[in-house]
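Read through the structure below, which is laid out as structure tokens, and then see the notes.
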Amino acid sequence: MKRRRMNKLYIGNLSPAATADDLRQLFGDRKLPLAGQVLLKSGYAFVDYPDQNWAIRAIETLSGKAELHGKVLEVDYSVPKKLRSRKIQIRNIPPHLQWEVLDGLLAQYGTVENVEQVNTDTETAVVNVTYATKEEAKVAIEKLSGHQLESYSFKVSYIPDEEFVGAIIGKEGLTIKNLTKQTQSKVDIHRKENAGAAEKPITIHATPEGCSEACRMILDIMQKEADETKSAEEIPLKILAHNSLVGRLIGKEGRNLKKIEQDTGTKITISPLQDLTIYNPERTITVKGSTEACSNAEVEIMKKLREAYENDIVAVNQQANLIPGLNLSALGIFSTGLSMLPSSVGARGAAAAAPYHPFASSSAYLSGLYGASPVGAFPHQHPLPEQEVVNLFIPTQAVGAIIGKKGQHIKQLARFAGASIKIAPAEGPDATERMVIITGPPEAQFKAQGRIFGKLKEENFFNPKEEVKLEAHIKVPSFAAGRVIGKGGKTVNELQNLTSAEVIVPRDQTPDENEEVIVKIIGHFFASQTAQRKIREIVQQVKQQEQKHAQGAPASQHSK
């Protein structure tokens with residue numbers, strides 16, 4: 001599995017009045033659309049670009065040129081002080097400049113280890129330069145920023161260094177060859193598609209023992225490199241795991257995690273739920289401690305995650321048997337299973353990251369459970385996909401943000417999703433929630449609900465430490481409600497375990513004029529989506545069976 005590391009950009013000198021939507025619009029107007037989330041702080045913000053070219057274009061187009069609410073924006077790579085190292089990027093170099101002239105200029109400030117030209121679509125040239133020491137890079141940045149050459153003025157930024165990647169590969173690839181041989185693993189380092197990014201993913205394919213051994217060796221190499229360059233106090237290990245598995249790793253009241261911490265002498269933290277996006281449903285598990293302690297913790301953490309994963313496979317098999325012909329791939333809003341990333345946060349900390357596939361052998365089967373990509377996740381089996389209605393409940397105070405100025409946001413959202421989106425009148429003056437009625441096919445539901453969850457998080461309607469959990473109501477034919485519940489509540493319990501959403505079919509409901517009853521689903525975006533899809537699947541199955549029964553008797557008589 002590959003994970004794409006983003007080029008994070010810092011946007012400074014922001015007016016306090018600026019919103020995430022203002023930034024999206026500003027970037028969009030300059031043909032620099034923002035795909036990921038906008039992290040808005042007081043007076044500054046962070047945005048992500050998947051590739052270095054776009055990042056360069058955004059810096060060149062906007063920094064010192066674009067205005068928002070009367071303030072001129074500053075845009076640059078976001079490289080925390082700890083990660084400022086020996087690597088810098090120089091932009092706005094005259095297109096016809098001789099390399100010898102540039103080399104001579106760079107050499108004035110220290111020993112240049114490497115210069116690579118970045119292929120961009122700008123008229124001027126861009127190079128990434130690695131100096132022998134951090135001090136030399138610091139002096140070069142101070143001296144070269146604004147340096148005039150042939151009426152062009154240099155622009156210079158720090159970019160994350162790849163120190164550890166080089167150490168893991170070794171001279172002529174010897175270190176990595178030795179590592180793969182000893183651990184009988186296949187190790188891929190994804191450098192090209194992550195140019196300029198702070199962390200480089202490493203994919204390890206091996207048995208659980210092989211993965212653990214490779215991880216231990218990589219941590220050792222990174223620690224040795226950090227000691228030699230005196231650049232990092234400690235190298236934490238980062239493991240990526242799908243959100244649906246993490247709850248069981250943590251355990252009730254955090255018991256499982258506490259036990260691993262105590263047994264291994266490590267400190268373990270897990271990234272907050274609100275960091276999840278449509279494109280990345282994984283949580284980051286950060287383990288701090290000695291190399292030995294981190295390696296021991298990795299074994300225990302992976303054991304728990306594997307266990308949870310294997311239980312899910314059993315649950316899915318039962319579910320598939322329970323509902324014949326269940327189309328698992330229609331659930332495709334999970335990324336691939338588990339992944340793991342040892343990462344440094346030292347001063348030179350280009351992190352070496354290692355997502356890995358403990359279940360690569362069954363990856364084809366897996367794609368149904370955690371595999372298909374979220375974009376275009378729902379196969380259109382009918383020429384016209386069925387229109388669905390979902391009622392989503394949002395906090396009353398968030399209604400203005402969803403509607404936007406003069407209704408702009410809700411109109412854009414409806415266009416983007418291909419859905420009809422209406423906000424129902426308040427049930428009373430003190431109502432704490434309002435109902436959003438979303439009508440559209442499955443893919444439109446996914447997009448519309450995803451943006452509403454995202455908007456509530458962006459605009460801070462939920463406490464930063466709290467995940468965005470919303471209640472959704474869908475209607476099902478009253479004759480299918482029993483199947484959603486299952487014998488003795490079996491199906492509903494399996495649904496809850498599988499999706500980690502709360503699913504409630506209120507008892508004693510009077511069916512409405514269409515003979516339908518409500519099913520309530522409460523959970524964060526991924527949990528809610530998965531539960532909605534599963535319930536629709538069950539209803540579809542029941543309807544098909546009903547039709548067969550209805551047509552079955554007369555058809556068999558005619559055939560005699």
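Residues are referred to by chain and number: the chain letter is A, B, ... according to the order shown in the structure tokens, the number counts from 1 in that chain, and ligands are numbered separately from 1 in the order shown.
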
Next item on the list: Identify all residues of region 41-102 of chain A in strand (DSSP E) (DSSP on the backbone) and supply them as a list in words.
Entry: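 Residues meeting the strand (DSSP E) criterion: Ala45, Phe46, Val47, Asp48, Tyr49, Glu67, Leu68, Lys71, Val72, Glu74, Val75, Asp76, Tyr77, Lys87, Ile88, Gln89, Ile90, Arg91, Asn92 and Ile93 of chain A.
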
Checklist line | 6 Å contact set for region 291-306 of chain A, only C-alpha atoms, chain neighbours under 3 positions out, as an NGL selection string | finding: :A and (216 or 249 or 264 or 309)

Next item on the list: Using only C-alpha atoms, pick whichever of A:Glu116, A:Glu135, A:Asp121, A:Glu60 has the shortest atom-to-atom distance to Ser85 (chain A).
Entry: A:Glu135

Notebook entry, point to check: Got a sec: who's within 12 Å of region 475-479 of chain A, counting only C-alpha atoms, leaving out chain neighbours fewer than 5 positions off, as number ranges by chain?
Noted result: A: 388-391, 484-485, 505-521, 532, 535-540, 542-543, 545-546

Next item on the list: Can you work out which one of A:Gly247, A:Gly146, A:Pro236, A:Gly440 has the shortest atom-to-atom distance to Thr286 (chain A), counting only C-alpha atoms?
Entry: A:Pro236

Next item on the list: Work out how far CA of Lys41 (chain A) is from CA of Ile402 (chain A), in Å to one decimal.
Entry: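 Interatomic distance here is 19.9 Å.
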
Next item on the list: Calculate how many Å separate CA of Ile56 (chain A) from CA of Lys447 (chain A), rounding to one decimal.
Entry: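 A separation of 28.8 Å between them.
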
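Checking A:Arg415, A:His409, A:Lys288, A:Arg57 one by one against Leu219 (chain A), counting only C-alpha atoms, you find the shortest gap at A:Lys288.
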
Next item on the list: Find the residues around Lys155 (chain A) up to 9 Å (only C-alpha atoms counted), leave out those fewer than 4 positions away in its own chain, and share them as a PyMOL selection string.
Entry: chain A and resi 89-93+144-147

Export of the given selection (N, CA, C and O atoms) as a PDB file, in the first residue's frame:
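Result saved to part14.pdb:
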ATOM      1  N   GLN A  89      14.954  25.182  -0.960  1.00  0.00           N
ATOM      2  CA  GLN A  89      14.478  25.277  -2.349  1.00  0.00           C
ATOM      3  C   GLN A  89      14.650  26.719  -2.804  1.00  0.00           C
ATOM      4  O   GLN A  89      14.275  27.651  -2.090  1.00  0.00           O
ATOM      5  N   ILE A  90      15.252  26.888  -3.992  1.00  0.00           N
ATOM      6  CA  ILE A  90      15.427  28.233  -4.555  1.00  0.00           C
ATOM      7  C   ILE A  90      14.547  28.337  -5.792  1.00  0.00           C
ATOM      8  O   ILE A  90      14.613  27.503  -6.703  1.00  0.00           O
ATOM      9  N   ARG A  91      13.675  29.361  -5.808  1.00  0.00           N
ATOM     10  CA  ARG A  91      12.753  29.561  -6.927  1.00  0.00           C
ATOM     11  C   ARG A  91      13.058  30.894  -7.612  1.00  0.00           C
ATOM     12  O   ARG A  91      13.826  31.705  -7.114  1.00  0.00           O
ATOM     13  N   ASN A  92      12.423  31.111  -8.768  1.00  0.00           N
ATOM     14  CA  ASN A  92      12.564  32.354  -9.530  1.00  0.00           C
ATOM     15  C   ASN A  92      14.003  32.565 -10.019  1.00  0.00           C
ATOM     16  O   ASN A  92      14.519  33.673 -10.011  1.00  0.00           O
ATOM     17  N   ILE A  93      14.646  31.453 -10.441  1.00  0.00           N
ATOM     18  CA  ILE A  93      16.010  31.523 -10.991  1.00  0.00           C
ATOM     19  C   ILE A  93      15.872  31.853 -12.479  1.00  0.00           C
ATOM     20  O   ILE A  93      15.031  31.257 -13.167  1.00  0.00           O
ATOM     21  N   LEU A 144      20.741  34.354   0.267  1.00  0.00           N
ATOM     22  CA  LEU A 144      20.193  34.196  -1.083  1.00  0.00           C
ATOM     23  C   LEU A 144      18.768  34.737  -1.231  1.00  0.00           C
ATOM     24  O   LEU A 144      18.320  34.998  -2.345  1.00  0.00           O
ATOM     25  N   SER A 145      18.032  34.865  -0.111  1.00  0.00           N
ATOM     26  CA  SER A 145      16.654  35.380  -0.209  1.00  0.00           C
ATOM     27  C   SER A 145      16.700  36.795  -0.784  1.00  0.00           C
ATOM     28  O   SER A 145      17.403  37.669  -0.252  1.00  0.00           O
ATOM     29  N   GLY A 146      15.992  37.002  -1.880  1.00  0.00           N
ATOM     30  CA  GLY A 146      15.955  38.336  -2.494  1.00  0.00           C
ATOM     31  C   GLY A 146      17.184  38.660  -3.331  1.00  0.00           C
ATOM     32  O   GLY A 146      17.303  39.766  -3.867  1.00  0.00           O
ATOM     33  N   HIS A 147      18.121  37.722  -3.471  1.00  0.00           N
ATOM     34  CA  HIS A 147      19.341  37.959  -4.263  1.00  0.00           C
ATOM     35  C   HIS A 147      18.962  38.270  -5.725  1.00  0.00           C
ATOM     36  O   HIS A 147      18.201  37.530  -6.335  1.00  0.00           O
TER      37      HIS A 147
END

Next item on the list: Mind giving me the straight-line distance from CA of Ile11 (chain A) to CA of Ile270 (chain A) in Å, one decimal?
Entry: 26.7 Å

Next item on the list: For each of A:Leu237, A:Lys252, A:Ile423, A:Glu466, take the minimum atom-to-atom distance to Lys267 (chain A), counting only C-alpha atoms, then give the residue where this is smallest.
Entry: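 With only C-alpha atoms as the atom set, the closest residue is A:Leu237.
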
Skip Glu282 (chain A) itself and residues of its chain fewer than 6 positions away, then list as a tab-separated table (two decimals) with C-alpha atoms, in the first residue's frame all residues within 7 Å of it, counting only C-alpha atoms.
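Result written to result-v2.tsv:
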chain	number	residue	atom	x	y	z
A	240	LEU	CA	-1.20	3.71	10.77
A	241	ALA	CA	-4.37	1.70	11.32
A	242	HIS	CA	-7.84	1.89	9.90
A	243	ASN	CA	-10.17	3.75	12.22
A	276	LEU	CA	-9.88	11.59	9.38

Notebook entry, point to check: Of the candidates A:Ser244, A:Asn53, A:Thr439, A:Gln25, which one gets nearest to Ser500 (chain A) if we count only C-alpha atoms?
Noted result: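 For Ser500 (chain A), the nearest of the candidates is A:Ser244.
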
Note to self: Which of region 86-266 of chain A end up as alpha helix (DSSP H) when DSSP is run on this backbone - answer as a ChimeraX atom specification?
What the structure shows: /A:99-107,134-144,163-169,174-183,208-229,243-250,255-264
